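Below is one structure, written out as structure tokens, with a few remarks after it.
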Amino acid sequence: MASLSDSSKQSLLPNFLYSSPASSALDRILNANNPAFGGSRFTTLESPAASSSPSIKSKTFMIPAPNEPGKRIEMYSPQFYAACTFGGILSCGLTHMTVTPLDLVKCNMQIDPAKYRSISSGFGVLLKEQGFRGFFRGWVPTLLGYSAQGACKFGFYEFFKKYYSDLAGPEYFAKYKTLIYLAGSASAEVIADVALCPFEAVKVRVQTQPGFARGMSDGFPKFIKSEGAAGLYKGIVPLWGRQIPYTMMKFASFETIVEMIYKYGIPTPKDQCSKSLQLGVSFAGGYVAGVFCAIVSHPADNLVSFLNNAKGATVGDAVKKLGLWGLFTRGLPLRIVMIGTLTGAQWGIYDAFKVFVGLPTTGGVAPAASTQPAKA
């Protein structure tokens, strides 16, 4: 039974995530020329075992893959970043698609507050006018767009966090790790939003203009015909304005909250906690971080919805129509519920996938001061 379970679990995992003799040779070449993929000059938050064992002299920390004794994922190798990218696809794509009904009501409350006056009445209006199927209008661009965004968001965050940490060195990382989290997440989100923006433009148009299109397949060509290809990126600046502060808060606050939970709330060291408890901490930290995310990014979210709905609209038009108070508060309670749940679920799914492939969960362990052996 054990061998059957092991083989079935292995079949679910892409083979490229694990090192082979050929990929190990490639890794050595990459590690020799790119310090971002290679050895770390200090142990980061993802390396609890390395930080706790002074006898480890190697430049990188190897983590066994589940039930595959001959293979393993090397931290900060191409396989590691591929695993984080795939985890980001699962965490963002699936969660955003699941909350499509909430997102649909939120967007319509932002665009037409006279008609969609509250959360409950908004659901009632949609059910009356479009039926139950109307709650999931726009789910395809949501799934595709946020899968692409999640891949870049999590994959590049892990890359930039390692890269900036190596640039800073262990002493400055210990002092300014929050700044490194902020810089790494902001850098990743700039790239992620370029992938998301075309899908977000079509999604908002499909969700807020009944009759425009049924979904992605007919909405995408209609949008290009109406706005031109450049119109797909009309909302890129306000999208950056929404998503970059959101992602900076999402990652920096999550890392800080999880570290505080393990430091003050759980008497047992993280590496001695069960995986289920670690994943519970990931969800709780993600939910609290999500509440902060919703608040800091909400004005830009209103701008994105307004600009993508109204042809030729400007930021000034949005501010004039919504007002400053409306810009900060319209649809905010629903977005707090949605983003809190969403962010908690994303961190839970992301870390669950990391655990599944044999990687540690994110955050919660203080880095070692240095991996260099002390001089006699």
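For the structure tokens, the naming scheme is as follows: chains receive sequential letters (A, B, ...) according to their order of presentation, residues are indexed from 1 within each chain, and ligands are indexed from 1 in presentation order.
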Any idea what's packed within 6 Å of stretch 146-154 of chain A, counting only C-alpha atoms, ignoring anything in its chain fewer than 2 positions away? Could you give it as a ChimeraX atom specification?
-> /A:85,88-89,92-93,142-144,156-157,188-189,192,195-196
So that each row is one residue of stretch 75-148 of chain A with an atom at most 9 Å from stretch 290-304 of chain A, can you give its shortest atom pair and the distance in Å to one decimal, using only C-alpha atoms, rows by chain and rising number, as JSON lines?
{"residue": "A:Cys107", "atom": "CA", "partner": "A:Asn302", "partner_atom": "CA", "distance": 8.1}
{"residue": "A:Gln110", "atom": "CA", "partner": "A:Asn302", "partner_atom": "CA", "distance": 6.2}
{"residue": "A:Ile111", "atom": "CA", "partner": "A:Asn302", "partner_atom": "CA", "distance": 8.3}
With N, CA, C and O atoms retained, export the selected residues as a PDB file, in the first residue's frame.
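The result, written out as selection-v6.pdb:
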ATOM      1  N   CYS A 107     -17.479  45.093  -8.431  1.00  0.00           N
ATOM      2  CA  CYS A 107     -17.246  45.930  -9.609  1.00  0.00           C
ATOM      3  C   CYS A 107     -18.487  46.734  -9.976  1.00  0.00           C
ATOM      4  O   CYS A 107     -18.402  47.922 -10.319  1.00  0.00           O
ATOM      5  N   GLN A 110     -19.073  49.618  -7.658  1.00  0.00           N
ATOM      6  CA  GLN A 110     -18.155  50.721  -7.943  1.00  0.00           C
ATOM      7  C   GLN A 110     -18.597  51.527  -9.163  1.00  0.00           C
ATOM      8  O   GLN A 110     -18.442  52.746  -9.211  1.00  0.00           O
ATOM      9  N   ILE A 111     -19.161  50.827 -10.162  1.00  0.00           N
ATOM     10  CA  ILE A 111     -19.532  51.474 -11.423  1.00  0.00           C
ATOM     11  C   ILE A 111     -20.908  52.119 -11.357  1.00  0.00           C
ATOM     12  O   ILE A 111     -21.125  53.228 -11.861  1.00  0.00           O
TER      13      ILE A 111
END
Could you state the separation of atom CA of A:Tyr81 and atom CA of A:Glu158 in Å, given to one decimal place?
->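 Distance reported for this atom pair: 7.2 Å.
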Can you work out which one of A:Gly344, A:Gln207, A:Phe159, A:Gly316 has the shortest atom-to-atom distance to A:Tyr76, counting only C-alpha atoms?
->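 The closest residue to A:Tyr76 is A:Phe159.
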Top pick for closest residue to A:Met338, considering A:Gln79, A:Ser185, A:Val99, A:Gly286 and counting only C-alpha atoms |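 Counting only C-alpha atoms, the residue closest to A:Met338 is A:Val99.
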Looking at only C-alpha atoms, which of A:Thr268, A:Gln209, A:Ser282, A:Thr341 is the one that sits closest to A:Ser305?
->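 Closest to A:Ser305 of all the choices is A:Gln209.
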Leaving out A:Ala213 and any residue of its chain fewer than 5 positions from it, which residues lie within 12 Å of it when counting only C-alpha atoms, given as a VMD selection string?
-> chain A and resid 137 to 138 141 202 to 208 218 to 223
Any chance you can output those residues with N, CA and C atoms as a compact mmCIF listing (two decimals), in the first residue's frame?
# COMPACT_ATOMS: atom_id res chain seq x y z
N ARG A 137 -20.16 35.27 -14.48
CA ARG A 137 -19.78 35.90 -15.73
C ARG A 137 -18.37 36.50 -15.59
N GLY A 138 -17.52 36.19 -16.55
CA GLY A 138 -16.15 36.68 -16.51
C GLY A 138 -15.18 35.76 -15.78
N PRO A 141 -11.61 34.97 -18.03
CA PRO A 141 -10.51 35.92 -17.93
C PRO A 141 -9.98 36.07 -16.52
N VAL A 202 -10.63 43.01 -20.03
CA VAL A 202 -11.76 42.27 -20.60
C VAL A 202 -12.72 41.83 -19.51
N LYS A 203 -12.19 41.38 -18.38
CA LYS A 203 -13.04 40.92 -17.27
C LYS A 203 -13.99 42.01 -16.79
N VAL A 204 -13.44 43.21 -16.55
CA VAL A 204 -14.27 44.31 -16.04
C VAL A 204 -15.34 44.68 -17.06
N ARG A 205 -14.98 44.72 -18.34
CA ARG A 205 -15.96 45.08 -19.37
C ARG A 205 -17.07 44.03 -19.45
N VAL A 206 -16.72 42.76 -19.38
CA VAL A 206 -17.72 41.68 -19.45
C VAL A 206 -18.64 41.72 -18.23
N GLN A 207 -18.07 42.01 -17.05
CA GLN A 207 -18.85 41.95 -15.82
C GLN A 207 -19.74 43.17 -15.61
N THR A 208 -19.36 44.32 -16.14
CA THR A 208 -20.09 45.54 -15.83
C THR A 208 -20.94 46.06 -16.99
N ASP A 218 -15.25 35.75 -26.87
CA ASP A 218 -15.81 36.79 -27.72
C ASP A 218 -15.54 38.19 -27.18
N GLY A 219 -15.26 38.29 -25.88
CA GLY A 219 -14.99 39.60 -25.28
C GLY A 219 -13.64 40.17 -25.69
N PHE A 220 -12.63 39.31 -25.82
CA PHE A 220 -11.29 39.78 -26.17
C PHE A 220 -11.26 40.44 -27.55
N PRO A 221 -11.77 39.78 -28.62
CA PRO A 221 -11.75 40.45 -29.93
C PRO A 221 -12.65 41.68 -29.98
N LYS A 222 -13.78 41.67 -29.25
CA LYS A 222 -14.64 42.84 -29.22
C LYS A 222 -13.95 44.02 -28.55
N PHE A 223 -13.23 43.73 -27.49
CA PHE A 223 -12.52 44.80 -26.79
C PHE A 223 -11.46 45.42 -27.69
Can you tell me how far atom CA of A:Leu126 sits from atom CA of A:Ala345, in Å to one decimal?
->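 Separating atom CA of A:Leu126 from atom CA of A:Ala345 is a distance of 25.9 Å.
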Where does DSSP see alpha helix (DSSP H) in stretch 130-324 of chain A, if you list the residues as JSON, numbers by chain?
-> {"A": [130, 139, 140, 141, 142, 143, 144, 145, 146, 147, 148, 149, 150, 151, 152, 153, 154, 155, 156, 157, 158, 159, 160, 161, 162, 163, 164, 165, 166, 167, 168, 169, 170, 171, 172, 173, 174, 175, 176, 177, 178, 179, 180, 181, 182, 183, 184, 185, 186, 187, 188, 189, 190, 191, 192, 193, 194, 195, 196, 197, 198, 199, 200, 201, 202, 203, 204, 205, 206, 207, 208, 216, 217, 218, 219, 220, 221, 222, 223, 224, 225, 226, 227, 236, 237, 238, 239, 240, 241, 242, 243, 244, 245, 246, 247, 248, 249, 250, 251, 252, 253, 254, 255, 256, 257, 258, 259, 260, 275, 276, 277, 278, 279, 280, 281, 282, 283, 284, 285, 286, 287, 288, 289, 290, 291, 292, 293, 294, 295, 296, 297, 298, 299, 300, 301, 302, 303, 304, 305, 306, 307, 308, 309, 315, 316, 317, 318, 319, 320, 321, 322, 323, 324]}
Which one is closest to A:Gly364: A:Gly280, A:Pro170, A:Pro101, A:Pro269? Count only C-alpha atoms.
-> A:Pro269
Determine the nearest neighbour of A:Arg335 from the options A:Met249, A:Leu102, A:Leu90, A:Met75, counting only C-alpha atoms.
->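 Result for the nearest residue to A:Arg335: A:Leu102.
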From the list A:Pro113, A:Gly155, A:Gly215, A:Gly169, which residue is nearest A:Trp139 when using only C-alpha atoms?
->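 Of the candidates, the smallest distance to A:Trp139 is held by A:Gly215.
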